[in-house]
file final11.tsv (TSV, C-alpha atoms)
chain	number	residue	atom	x	y	z
U	1315	LEU	CA	8.09	-18.02	-11.63
U	1316	ALA	CA	10.23	-14.94	-12.33
U	1317	VAL	CA	9.27	-14.82	-16.01
U	1318	SER	CA	5.60	-15.45	-15.30
U	1319	GLY	CA	5.45	-12.83	-12.56
U	1320	THR	CA	7.08	-10.21	-14.79
U	1321	TYR	CA	4.80	-11.21	-17.64
U	1322	LEU	CA	1.74	-10.75	-15.45
U	1323	ARG	CA	3.06	-7.39	-14.28
U	1324	VAL	CA	3.32	-6.23	-17.89
U	1325	LEU	CA	-0.26	-7.39	-18.52
U	1326	ALA	CA	-1.40	-5.54	-15.39
U	1327	SER	CA	0.36	-2.35	-16.55
U	1328	LYS	CA	-1.28	-2.75	-19.93
U	1329	ALA	CA	-4.69	-3.07	-18.26
U	1330	ASN	CA	-3.98	0.03	-16.16
U	1331	VAL	CA	-3.07	1.99	-19.28
U	1332	LEU	CA	-6.28	0.94	-21.05
U	1333	SER	CA	-8.33	1.82	-17.98
U	1334	GLN	CA	-6.61	5.18	-17.65
U	1335	GLU	CA	-7.20	5.96	-21.31
U	1336	ALA	CA	-10.91	5.48	-20.66
U	1337	GLN	CA	-10.65	7.78	-17.65
U	1338	VAL	CA	-8.96	10.45	-19.77
U	1339	LYS	CA	-11.71	10.25	-22.39
U	1340	GLN	CA	-14.34	10.55	-19.68
U	1341	ALA	CA	-12.58	13.53	-18.10
U	1342	ALA	CA	-12.19	15.15	-21.53
U	1343	ALA	CA	-15.90	14.76	-22.20
U	1344	THR	CA	-16.76	16.23	-18.80
U	1345	PHE	CA	-14.43	19.17	-19.36
U	1346	LYS	CA	-15.88	19.78	-22.79
U	1347	GLN	CA	-19.39	19.80	-21.33
U	1348	SER	CA	-18.30	22.20	-18.58
U	1349	GLU	CA	-16.68	24.44	-21.16
U	1350	HIS	CA	-19.88	24.64	-23.19
U	1351	GLN	CA	-21.98	25.36	-20.11
U	1352	TYR	CA	-19.51	28.03	-19.02
U	1353	GLN	CA	-19.64	29.65	-22.44
U	1354	ALA	CA	-23.43	29.52	-22.29
U	1355	GLY	CA	-23.39	31.16	-18.86
U	1356	THR	CA	-25.11	28.30	-17.07
U	1357	LYS	CA	-22.04	27.24	-15.05
U	1358	ALA	CA	-19.53	29.22	-13.02
U	1359	SER	CA	-15.89	29.35	-13.99
U	1360	ILE	CA	-14.92	27.31	-10.92
U	1361	ASP	CA	-16.78	24.29	-12.28
U	1362	ARG	CA	-15.03	24.68	-15.62
U	1363	ASN	CA	-11.62	25.02	-13.91
U	1364	LYS	CA	-12.14	21.96	-11.70
U	1365	SER	CA	-13.03	19.88	-14.74
U	1366	PHE	CA	-9.97	21.27	-16.49
U	1367	VAL	CA	-7.68	20.27	-13.60
U	1368	GLU	CA	-9.23	16.80	-13.39
U	1369	TYR	CA	-8.74	16.28	-17.14
U	1370	HIS	CA	-5.05	17.18	-16.96
U	1371	THR	CA	-4.55	15.13	-13.80
U	1372	GLN	CA	-5.87	12.08	-15.62
U	1373	GLN	CA	-3.57	12.86	-18.54
U	1374	GLN	CA	-0.55	12.98	-16.21
U	1375	ARG	CA	-1.47	9.61	-14.75
U	1376	LEU	CA	-1.76	8.16	-18.23
U	1377	ILE	CA	1.70	9.42	-19.19
U	1378	SER	CA	3.17	7.91	-16.01
U	1379	LEU	CA	1.45	4.55	-16.56
U	1380	ARG	CA	2.66	4.38	-20.16
U	1381	GLY	CA	6.20	4.98	-18.94
U	1382	ASP	CA	5.85	2.18	-16.39
U	1383	LEU	CA	4.57	-0.15	-19.10
U	1384	VAL	CA	7.60	0.56	-21.31
U	1385	LYS	CA	10.06	-0.04	-18.45
U	1386	GLN	CA	8.39	-3.28	-17.37
U	1387	THR	CA	8.37	-4.48	-20.98
U	1388	MET	CA	12.12	-3.84	-21.06
U	1389	GLN	CA	12.54	-5.90	-17.90
U	1390	LEU	CA	10.60	-8.76	-19.47
U	1391	ALA	CA	12.72	-8.61	-22.62
U	1392	ARG	CA	15.92	-8.73	-20.59
U	1393	LEU	CA	14.62	-11.58	-18.44
U	1394	ILE	CA	13.83	-13.82	-21.43
U	1395	GLY	CA	17.06	-12.99	-23.25
U	1396	LEU	CA	15.86	-10.50	-25.86
U	1397	PRO	CA	17.53	-7.14	-26.53
U	1398	VAL	CA	16.31	-4.51	-24.10
U	1399	GLY	CA	15.45	-2.21	-27.00
U	1400	GLN	CA	13.28	-4.87	-28.60
U	1401	VAL	CA	9.69	-3.64	-28.95
U	1402	LEU	CA	7.31	-6.16	-27.36
U	1403	THR	CA	3.54	-6.07	-27.65
U	1404	LEU	CA	1.61	-8.64	-25.65
U	1405	SER	CA	-1.54	-9.63	-27.48
U	1406	GLU	CA	-3.39	-11.25	-24.58
U	1407	ASP	CA	-4.99	-9.58	-21.60
U	1408	LEU	CA	-4.65	-10.24	-17.89
U	1409	PRO	CA	-6.54	-13.52	-17.17
U	1410	ALA	CA	-9.79	-12.59	-15.45
U	1411	GLN	CA	-11.28	-16.00	-14.68
U	1412	VAL	CA	-11.59	-17.08	-11.07
U	1413	PRO	CA	-10.12	-20.59	-10.67
U	1414	GLU	CA	-12.04	-23.55	-9.40
U	1415	PRO	CA	-11.37	-24.11	-5.69
U	1416	VAL	CA	-8.75	-26.76	-4.92
U	1417	SER	CA	-8.67	-28.37	-1.49
U	1418	LEU	CA	-5.60	-27.86	0.64
U	1419	GLU	CA	-5.25	-31.61	1.13
U	1420	GLU	CA	-5.15	-32.18	-2.63
U	1421	ALA	CA	-2.56	-29.43	-3.08
U	1422	LEU	CA	-0.36	-30.93	-0.37
U	1423	LYS	CA	-0.68	-34.39	-1.88
U	1424	ARG	CA	0.37	-33.11	-5.29
U	1425	SER	CA	3.33	-31.24	-3.85
U	1426	PHE	CA	4.62	-34.31	-1.98
U	1427	GLU	CA	4.38	-36.32	-5.21
U	1428	GLU	CA	5.55	-33.79	-7.79
U	1429	ARG	CA	8.13	-31.50	-6.16
U	1430	SER	CA	11.50	-32.36	-7.70
U	1431	ASP	CA	13.47	-31.14	-4.67
U	1432	LEU	CA	11.43	-33.41	-2.41
U	1433	LYS	CA	11.92	-36.31	-4.81
U	1434	ALA	CA	15.69	-35.77	-4.69
U	1435	ALA	CA	15.65	-35.69	-0.88
U	1436	ARG	CA	13.58	-38.88	-0.84
U	1437	LEU	CA	16.05	-40.67	-3.12
U	1438	GLN	CA	18.98	-39.52	-0.97
U	1439	LEU	CA	17.21	-40.88	2.09
U	1440	LYS	CA	16.62	-44.19	0.34
U	1441	ALA	CA	20.30	-44.41	-0.66
U	1442	ALA	CA	21.38	-43.70	2.91
U	1443	SER	CA	19.00	-46.39	4.18
U	1444	GLU	CA	20.43	-48.95	1.74
U	1445	ALA	CA	23.98	-48.00	2.74
U	1446	HIS	CA	23.02	-48.42	6.40
U	1447	ARG	CA	21.60	-51.86	5.69
U	1448	ALA	CA	24.73	-52.83	3.76
U	1449	SER	CA	26.98	-51.74	6.62
U	1450	LYS	CA	25.12	-54.00	9.05
U	1451	ALA	CA	25.47	-56.90	6.63
U	1452	GLU	CA	29.24	-56.75	7.11
U	1453	TYR	CA	28.73	-58.61	10.42
U	1454	LEU	CA	27.41	-61.67	8.54
U	1455	PRO	CA	29.59	-64.49	7.15
U	1456	SER	CA	30.08	-64.52	3.39
U	1457	LEU	CA	30.22	-67.49	1.00
U	1458	VAL	CA	32.22	-67.34	-2.23
U	1459	VAL	CA	32.04	-70.16	-4.82
U	1460	ASN	CA	34.51	-70.35	-7.74
U	1461	GLY	CA	34.56	-72.80	-10.63
U	1462	ASP	CA	36.68	-73.50	-13.72
U	1463	TYR	CA	36.13	-75.88	-16.64
U	1464	GLY	CA	38.30	-76.59	-19.68
U	1465	VAL	CA	39.92	-79.13	-22.06
U	1466	GLU	CA	43.47	-80.50	-21.56
U	1467	GLY	CA	45.62	-82.04	-24.27
U	1468	ILE	CA	47.47	-81.46	-27.58
U	1469	ASN	CA	44.54	-82.18	-29.87
U	1470	PRO	CA	41.50	-80.12	-28.98
U	1471	ASN	CA	39.25	-82.76	-30.53
U	1472	LYS	CA	40.61	-85.50	-28.22
U	1473	GLY	CA	41.40	-83.50	-25.10
U	1474	ALA	CA	40.44	-84.52	-21.63
U	1475	SER	CA	37.88	-82.47	-19.76
U	1476	VAL	CA	39.16	-80.91	-16.60
U	1477	PHE	CA	37.39	-78.83	-13.99
U	1478	GLN	CA	38.01	-77.26	-10.63
U	1479	ALA	CA	35.58	-76.04	-7.99
U	1480	ALA	CA	36.14	-74.31	-4.67
U	1481	ALA	CA	34.01	-72.75	-1.96
U	1482	THR	CA	35.22	-70.27	0.63
U	1483	VAL	CA	33.40	-69.21	3.80
U	1484	THR	CA	34.59	-65.96	5.39
U	1485	ILE	CA	33.69	-65.20	9.01
U	1486	PRO	CA	34.51	-61.62	10.12
U	1487	ILE	CA	35.93	-62.49	13.52
U	1488	PHE	CA	38.62	-59.84	13.76
U	1489	GLN	CA	36.79	-57.08	11.82
U	1490	GLY	CA	34.33	-56.03	14.51
U	1491	GLY	CA	35.92	-52.61	15.06
U	1492	ARG	CA	35.96	-51.70	11.37
U	1493	VAL	CA	32.42	-52.94	10.81
U	1494	LYS	CA	31.21	-51.06	13.89
U	1495	ALA	CA	32.76	-47.87	12.55
U	1496	ASP	CA	31.09	-48.40	9.19
U	1497	VAL	CA	27.71	-48.95	10.87
U	1498	GLU	CA	28.05	-45.85	13.03
U	1499	GLN	CA	29.04	-43.78	10.01
U	1500	ALA	CA	26.05	-45.12	8.09
U	1501	ASP	CA	23.82	-44.35	11.10
U	1502	ALA	CA	25.01	-40.75	11.14
U	1503	ALA	CA	24.50	-40.37	7.38
U	1504	LEU	CA	21.02	-41.90	7.63
U	1505	SER	CA	20.05	-39.57	10.49
U	1506	GLN	CA	21.29	-36.59	8.53
U	1507	ARG	CA	19.30	-37.59	5.45
U	1508	GLN	CA	16.19	-38.16	7.56
U	1509	ALA	CA	16.54	-34.67	9.06
U	1510	GLU	CA	17.12	-33.14	5.62
U	1511	TYR	CA	14.08	-34.89	4.19
U	1512	ALA	CA	11.88	-33.80	7.11
U	1513	ASP	CA	13.12	-30.22	6.74
U	1514	GLU	CA	12.55	-30.25	2.98
U	1515	LYS	CA	9.07	-31.70	3.42
U	1516	GLY	CA	8.25	-29.02	5.98
U	1517	ALA	CA	9.49	-26.29	3.62
U	1518	VAL	CA	7.35	-27.70	0.80
U	1519	GLU	CA	4.28	-27.79	3.04
U	1520	LEU	CA	4.94	-24.20	4.12
U	1521	ASP	CA	5.18	-23.08	0.49
U	1522	VAL	CA	1.88	-24.75	-0.35
U	1523	ARG	CA	0.03	-23.42	2.69
U	1524	GLN	CA	1.25	-19.84	2.12
U	1525	ALA	CA	0.39	-19.94	-1.58
U	1526	TYR	CA	-3.02	-21.41	-0.73
U	1527	VAL	CA	-3.75	-18.60	1.73
U	1528	ASP	CA	-2.70	-16.01	-0.87
U	1529	LEU	CA	-5.03	-17.61	-3.41
U	1530	GLN	CA	-7.95	-17.64	-0.97
U	1531	VAL	CA	-7.40	-14.00	-0.03
U	1532	ALA	CA	-7.09	-12.90	-3.68
U	1533	THR	CA	-10.22	-14.86	-4.64
U	1534	GLU	CA	-12.24	-13.09	-1.96
U	1535	GLN	CA	-10.74	-9.71	-2.85
U	1536	ILE	CA	-11.53	-10.03	-6.55
U	1537	ALA	CA	-15.22	-10.51	-5.77
U	1538	VAL	CA	-15.21	-7.32	-3.69
U	1539	ALA	CA	-13.24	-5.43	-6.35
U	1540	ILE	CA	-15.68	-6.42	-9.10
U	1541	GLU	CA	-18.65	-5.23	-7.05
U	1542	ASN	CA	-16.85	-2.02	-6.05
U	1543	ARG	CA	-15.98	-1.36	-9.69
U	1544	LYS	CA	-19.60	-1.79	-10.73
U	1545	VAL	CA	-20.95	0.52	-8.02
U	1546	ALA	CA	-18.32	3.19	-8.78
U	1547	ALA	CA	-19.34	3.22	-12.44
U	1548	GLU	CA	-22.99	3.64	-11.46
U	1549	ILE	CA	-22.10	6.54	-9.14
U	1550	LEU	CA	-20.20	8.29	-11.93
U	1551	THR	CA	-23.11	7.89	-14.35
U	1552	GLN	CA	-25.52	9.37	-11.83
U	1553	SER	CA	-23.13	12.26	-11.08
U	1554	LEU	CA	-22.77	13.08	-14.78
U	1555	ASP	CA	-26.54	13.05	-15.20
U	1556	ARG	CA	-26.98	15.32	-12.19
U	1557	PHE	CA	-24.27	17.64	-13.48
U	1558	ALA	CA	-25.85	17.83	-16.93
U	1559	ALA	CA	-29.21	18.62	-15.34
U	1560	GLY	CA	-27.66	21.40	-13.24
U	1561	VAL	CA	-28.52	19.72	-9.95
U	1562	THR	CA	-24.90	19.50	-8.76
U	1563	ASN	CA	-21.54	21.06	-9.49
U	1564	SER	CA	-18.29	19.64	-10.83
U	1565	VAL	CA	-17.00	18.68	-7.37
U	1566	GLU	CA	-19.29	15.67	-7.23
U	1567	VAL	CA	-18.29	14.65	-10.76
U	1568	VAL	CA	-14.58	14.93	-9.98
U	1569	GLN	CA	-14.99	12.88	-6.82
U	1570	SER	CA	-16.92	10.24	-8.73
U	1571	GLN	CA	-14.23	10.10	-11.40
U	1572	GLU	CA	-11.57	9.63	-8.74
U	1573	THR	CA	-13.65	6.86	-7.18
U	1574	VAL	CA	-13.90	5.08	-10.53
U	1575	ALA	CA	-10.16	5.46	-11.14
U	1576	SER	CA	-9.38	4.06	-7.68
U	1577	ALA	CA	-11.79	1.15	-8.19
U	1578	GLU	CA	-10.21	0.34	-11.54
U	1579	ARG	CA	-6.70	0.36	-10.07
U	1580	ASP	CA	-7.81	-1.85	-7.19
U	1581	TYR	CA	-9.43	-4.27	-9.62
U	1582	VAL	CA	-6.32	-4.59	-11.78
U	1583	SER	CA	-4.08	-4.92	-8.72
U	1584	THR	CA	-6.29	-7.61	-7.22
U	1585	LEU	CA	-6.49	-9.45	-10.54
U	1586	PHE	CA	-2.71	-9.41	-10.76
U	1587	SER	CA	-2.46	-10.78	-7.20
U	1588	LEU	CA	-4.97	-13.51	-8.03
U	1589	ASN	CA	-3.02	-14.74	-11.05
U	1590	LEU	CA	0.29	-14.48	-9.24
U	1591	ALA	CA	-1.16	-16.56	-6.40
U	1592	ARG	CA	-2.29	-19.19	-8.92
U	1593	ILE	CA	1.23	-19.35	-10.36
U	1594	SER	CA	2.79	-19.51	-6.89
U	1595	LEU	CA	0.51	-22.38	-5.91
U	1596	ALA	CA	1.35	-24.24	-9.13
U	1597	ARG	CA	5.05	-23.82	-8.39
U	1598	ALA	CA	4.58	-24.90	-4.77
U	1599	THR	CA	2.84	-28.10	-5.91
U	1600	GLY	CA	5.51	-28.83	-8.53
U	1601	GLN	CA	3.22	-28.26	-11.53
U	1602	ALA	CA	4.48	-24.91	-12.77
U	1603	GLU	CA	5.80	-26.20	-16.09
U	1604	GLN	CA	2.44	-27.77	-16.95
U	1605	PHE	CA	0.13	-25.10	-15.51
U	1606	ILE	CA	1.73	-21.76	-16.40
U	1607	PRO	CA	1.98	-22.18	-20.22
U	1608	ASN	CA	-1.68	-23.21	-20.38
U	1609	MET	CA	-2.70	-20.30	-18.14
U	1610	LEU	CA	-0.79	-17.67	-20.13
U	1611	LYS	CA	-1.45	-18.96	-23.61
U	1612	GLY	CA	-2.55	-16.39	-26.17
U	1613	ASN	CA	-6.20	-15.59	-26.80

call {"tool": "encode", "arguments": {"input": "final11.tsv", "output": "structure tokens"}}
result
Amino acid sequence: LAVSGTYLRVLASKANVLSQEAQVKQAAATFKQSEHQYQAGTKASIDRNKSFVEYHTQQQRLISLRGDLVKQTMQLARLIGLPVGQVLTLSEDLPAQVPEPVSLEEALKRSFEERSDLKAARLQLKAASEAHRASKAEYLPSLVVNGDYGVEGINPNKGASVFQAAATVTIPIFQGGRVKADVEQADAALSQRQAEYADEKGAVELDVRQAYVDLQVATEQIAVAIENRKVAAEILTQSLDRFAAGVTNSVEVVQSQETVASAERDYVSTLFSLNLARISLARATGQAEQFIPNMLKGN
């Protein structure tokens, strides 16, 4: 989970850098257009200056995001045992597919069957139950049968066959105190294992329910983020057209660019949360080792 979460964070930082690079190009184009209009005398210097400030603001954000990407890549290298100075380049992008809905009942069923910690607690409970049963069996009589067969004589070819058989019945008449102590000790151990198993099962169910809620929330958020991203891009296109036609000033363009940048950041953040929730649910159901490599395989 730690490696996968850090890996996803690096992919999210990479997506933010790519998005910010597009924002810088857009701001550069807007500034260039403002500069030409200012030189032609069709725009005031304030419009040119606002576009200039927006362009450099986007550049500063890009520099910061690139620095974050480098640091998070170092953290990933250290986490997986590579030298911190090792240059890593992840070829794949942040997974953008929305998973098929899984019912909560199915997730809980998988977790109760697949979680290794719950399996261990179940086996400990079974062992305690068998020990408790064995302690009660000490009250019962026991039967032991012994036998011996051989050949007697000097010559093994002409020896006489001899055998011996014995049966012993043991009745624990004077062992009641010791047996009672063993039973009470087994009772206490069984009760402890039952409580541990119930607690472990409750913790597993809590993990699954929390991860399921996170996945539901992220799934709903990603739909909103996609729509918001689309609308923000349309607003920016309309603002640029209005600015080119001289209908509006650079304030509207700058605001639209900030709206697009915010929508892009929200989209990447929500996509990261969605994939992290998928990984958390896979871990909660005990299927992390099978699910995560398939989810994060290269394109």

call {"tool": "atom_distance", "arguments": {"input": "final11.tsv", "atom1": "atom CA of U:Thr1562", "atom2": "atom CA of U:Asp1580"}}
result
27.4 Å

call {"tool": "residues_around", "arguments": {"input": "final11.tsv", "residues": "U:Val1459", "least_positions_apart": "3", "cutoff": "8 Å", "atoms": "all atoms listed in the file", "output": "list in words"}}
result
Ala1479, Ala1480, Ala1481 and Thr1482 of chain U

call {"tool": "closest_residue", "arguments": {"input": "final11.tsv", "among": "U:Gln1386, U:Ser1318, U:Thr1403, U:Ser1443", "to": "U:Glu1603", "atoms": "only C-alpha atoms"}}
result
U:Ser1318

call {"tool": "closest_residue", "arguments": {"input": "final11.tsv", "among": "U:Ala1354, U:Ala1596, U:Ala1442, U:Val1568", "to": "U:Thr1371", "atoms": "all atoms listed in the file"}}
result
U:Val1568

call {"tool": "residues_around", "arguments": {"input": "final11.tsv", "residues": "stretch 1553-1560 of chain U", "least_positions_apart": "6", "cutoff": "10 Å", "atoms": "only C-alpha atoms", "output": "VMD selection string"}}
result
chain U and resid 1344 1347 to 1348 1351 1356 to 1357 1547 1566 to 1571

call {"tool": "residues_around", "arguments": {"input": "final11.tsv", "residues": "stretch 1452-1455 of chain U", "least_positions_apart": "6", "cutoff": "12 Å", "atoms": "all atoms listed in the file", "output": "compact mmCIF listing (two decimals) with C-alpha atoms, in the coordinates of the input"}}
result
# COMPACT_ATOMS: atom_id res chain seq x y z
CA ALA U 1445 23.98 -48.00 2.74
CA HIS U 1446 23.02 -48.42 6.40
CA THR U 1482 35.22 -70.27 0.63
CA VAL U 1483 33.40 -69.21 3.80
CA THR U 1484 34.59 -65.96 5.39
CA ILE U 1485 33.69 -65.20 9.01
CA PRO U 1486 34.51 -61.62 10.12
CA ILE U 1487 35.93 -62.49 13.52
CA PHE U 1488 38.62 -59.84 13.76
CA GLN U 1489 36.79 -57.08 11.82
CA GLY U 1490 34.33 -56.03 14.51
CA GLY U 1491 35.92 -52.61 15.06
CA ARG U 1492 35.96 -51.70 11.37
CA VAL U 1493 32.42 -52.94 10.81
CA LYS U 1494 31.21 -51.06 13.89
CA ALA U 1495 32.76 -47.87 12.55
CA ASP U 1496 31.09 -48.40 9.19
CA VAL U 1497 27.71 -48.95 10.87

call {"tool": "closest_residue", "arguments": {"input": "final11.tsv", "among": "U:Asp1521, U:Glu1572, U:Asp1513, U:Asp1431", "to": "U:Ser1365", "atoms": "all atoms listed in the file"}}
result
U:Glu1572

call {"tool": "atom_distance", "arguments": {"input": "final11.tsv", "atom1": "atom CA of U:Val1574", "atom2": "atom CA of U:Ala1546"}}
result
5.1 Å

call {"tool": "closest_residue", "arguments": {"input": "final11.tsv", "among": "U:Asp1382, U:Leu1393, U:Arg1429, U:Ala1358", "to": "U:Ala1316", "atoms": "only C-alpha atoms"}}
result
U:Leu1393

call {"tool": "closest_atom_pairs", "arguments": {"input": "final11.tsv", "of": "stretch 1466-1572 of chain U", "to": "stretch 1433-1436 of chain U", "cutoff": "9 Å", "atoms": "all atoms listed in the file", "output": "JSON lines"}}
result
{"residue": "U:Arg1507", "atom": "CA", "partner": "U:Ala1435", "partner_atom": "CA", "distance": 7.5}
{"residue": "U:Gln1508", "atom": "CA", "partner": "U:Ala1435", "partner_atom": "CA", "distance": 8.8}
{"residue": "U:Glu1510", "atom": "CA", "partner": "U:Ala1435", "partner_atom": "CA", "distance": 7.1}
{"residue": "U:Tyr1511", "atom": "CA", "partner": "U:Ala1435", "partner_atom": "CA", "distance": 5.4}
{"residue": "U:Glu1514", "atom": "CA", "partner": "U:Ala1435", "partner_atom": "CA", "distance": 7.4}
{"residue": "U:Lys1515", "atom": "CA", "partner": "U:Ala1435", "partner_atom": "CA", "distance": 8.8}

call {"tool": "atom_distance", "arguments": {"input": "final11.tsv", "atom1": "atom CA of U:Ser1564", "atom2": "atom CA of U:Leu1332"}}
result
24.5 Å

call {"tool": "residues_around", "arguments": {"input": "final11.tsv", "residues": "U:Gln1601", "least_positions_apart": "6", "cutoff": "9 Å", "atoms": "all atoms listed in the file", "output": "list in words"}}
result
Arg1424, Ser1425, Glu1428, Arg1429 and Leu1595 of chain U

call {"tool": "residues_around", "arguments": {"input": "final11.tsv", "residues": "U:Ala1532", "least_positions_apart": "4", "cutoff": "7 Å", "atoms": "only C-alpha atoms", "output": "ChimeraX atom specification"}}
result
/U:1528,1536,1584,1587-1588

call {"tool": "build_atoms", "arguments": {"input": "final11.tsv", "residues": "stretch 1475-1483 of chain U", "atoms": "all heavy atoms", "output": "PDB file, in the frame of the given file"}}
result
ATOM      1  N   SER U1475      38.597 -83.536 -20.487  1.00  0.00           N
ATOM      2  CA  SER U1475      37.880 -82.470 -19.760  1.00  0.00           C
ATOM      3  C   SER U1475      38.419 -82.370 -18.346  1.00  0.00           C
ATOM      4  O   SER U1475      38.562 -83.388 -17.661  1.00  0.00           O
ATOM      5  CB  SER U1475      36.382 -82.759 -19.727  1.00  0.00           C
ATOM      6  OG  SER U1475      35.861 -82.819 -21.053  1.00  0.00           O
ATOM      7  N   VAL U1476      38.694 -81.154 -17.954  1.00  0.00           N
ATOM      8  CA  VAL U1476      39.160 -80.910 -16.600  1.00  0.00           C
ATOM      9  C   VAL U1476      38.311 -79.801 -15.975  1.00  0.00           C
ATOM     10  O   VAL U1476      37.800 -78.931 -16.680  1.00  0.00           O
ATOM     11  CB  VAL U1476      40.665 -80.501 -16.579  1.00  0.00           C
ATOM     12  CG1 VAL U1476      41.540 -81.651 -17.038  1.00  0.00           C
ATOM     13  CG2 VAL U1476      40.897 -79.275 -17.430  1.00  0.00           C
ATOM     14  N   PHE U1477      38.159 -79.864 -14.679  1.00  0.00           N
ATOM     15  CA  PHE U1477      37.390 -78.830 -13.990  1.00  0.00           C
ATOM     16  C   PHE U1477      37.912 -78.689 -12.583  1.00  0.00           C
ATOM     17  O   PHE U1477      38.583 -79.577 -12.066  1.00  0.00           O
ATOM     18  CB  PHE U1477      35.894 -79.149 -13.982  1.00  0.00           C
ATOM     19  CG  PHE U1477      35.546 -80.379 -13.197  1.00  0.00           C
ATOM     20  CD1 PHE U1477      35.247 -80.324 -11.832  1.00  0.00           C
ATOM     21  CD2 PHE U1477      35.539 -81.629 -13.814  1.00  0.00           C
ATOM     22  CE1 PHE U1477      34.935 -81.448 -11.128  1.00  0.00           C
ATOM     23  CE2 PHE U1477      35.233 -82.771 -13.087  1.00  0.00           C
ATOM     24  CZ  PHE U1477      34.924 -82.683 -11.750  1.00  0.00           C
ATOM     25  N   GLN U1478      37.586 -77.549 -12.007  1.00  0.00           N
ATOM     26  CA  GLN U1478      38.010 -77.260 -10.630  1.00  0.00           C
ATOM     27  C   GLN U1478      36.915 -76.449  -9.959  1.00  0.00           C
ATOM     28  O   GLN U1478      36.343 -75.540 -10.561  1.00  0.00           O
ATOM     29  CB  GLN U1478      39.327 -76.473 -10.624  1.00  0.00           C
ATOM     30  CG  GLN U1478      39.833 -76.166  -9.229  1.00  0.00           C
ATOM     31  CD  GLN U1478      41.138 -75.354  -9.259  1.00  0.00           C
ATOM     32  OE1 GLN U1478      41.614 -75.019 -10.331  1.00  0.00           O
ATOM     33  NE2 GLN U1478      41.677 -75.070  -8.090  1.00  0.00           N
ATOM     34  N   ALA U1479      36.611 -76.750  -8.752  1.00  0.00           N
ATOM     35  CA  ALA U1479      35.580 -76.040  -7.990  1.00  0.00           C
ATOM     36  C   ALA U1479      36.091 -75.821  -6.572  1.00  0.00           C
ATOM     37  O   ALA U1479      36.781 -76.670  -6.014  1.00  0.00           O
ATOM     38  CB  ALA U1479      34.280 -76.817  -7.966  1.00  0.00           C
ATOM     39  N   ALA U1480      35.717 -74.636  -6.025  1.00  0.00           N
ATOM     40  CA  ALA U1480      36.140 -74.310  -4.670  1.00  0.00           C
ATOM     41  C   ALA U1480      35.104 -73.416  -4.017  1.00  0.00           C
ATOM     42  O   ALA U1480      34.459 -72.600  -4.687  1.00  0.00           O
ATOM     43  CB  ALA U1480      37.514 -73.616  -4.675  1.00  0.00           C
ATOM     44  N   ALA U1481      34.935 -73.573  -2.738  1.00  0.00           N
ATOM     45  CA  ALA U1481      34.010 -72.750  -1.960  1.00  0.00           C
ATOM     46  C   ALA U1481      34.741 -72.209  -0.747  1.00  0.00           C
ATOM     47  O   ALA U1481      35.482 -72.939  -0.083  1.00  0.00           O
ATOM     48  CB  ALA U1481      32.786 -73.551  -1.538  1.00  0.00           C
ATOM     49  N   THR U1482      34.529 -70.916  -0.483  1.00  0.00           N
ATOM     50  CA  THR U1482      35.220 -70.270   0.630  1.00  0.00           C
ATOM     51  C   THR U1482      34.194 -69.597   1.534  1.00  0.00           C
ATOM     52  O   THR U1482      33.336 -68.835   1.063  1.00  0.00           O
ATOM     53  CB  THR U1482      36.220 -69.213   0.132  1.00  0.00           C
ATOM     54  OG1 THR U1482      37.144 -69.853  -0.761  1.00  0.00           O
ATOM     55  CG2 THR U1482      36.980 -68.590   1.287  1.00  0.00           C
ATOM     56  N   VAL U1483      34.258 -69.857   2.805  1.00  0.00           N
ATOM     57  CA  VAL U1483      33.400 -69.210   3.800  1.00  0.00           C
ATOM     58  C   VAL U1483      34.258 -68.266   4.619  1.00  0.00           C
ATOM     59  O   VAL U1483      35.274 -68.679   5.199  1.00  0.00           O
ATOM     60  CB  VAL U1483      32.716 -70.249   4.705  1.00  0.00           C
ATOM     61  CG1 VAL U1483      31.887 -69.537   5.769  1.00  0.00           C
ATOM     62  CG2 VAL U1483      31.851 -71.190   3.892  1.00  0.00           C
TER      63      VAL U1483
END
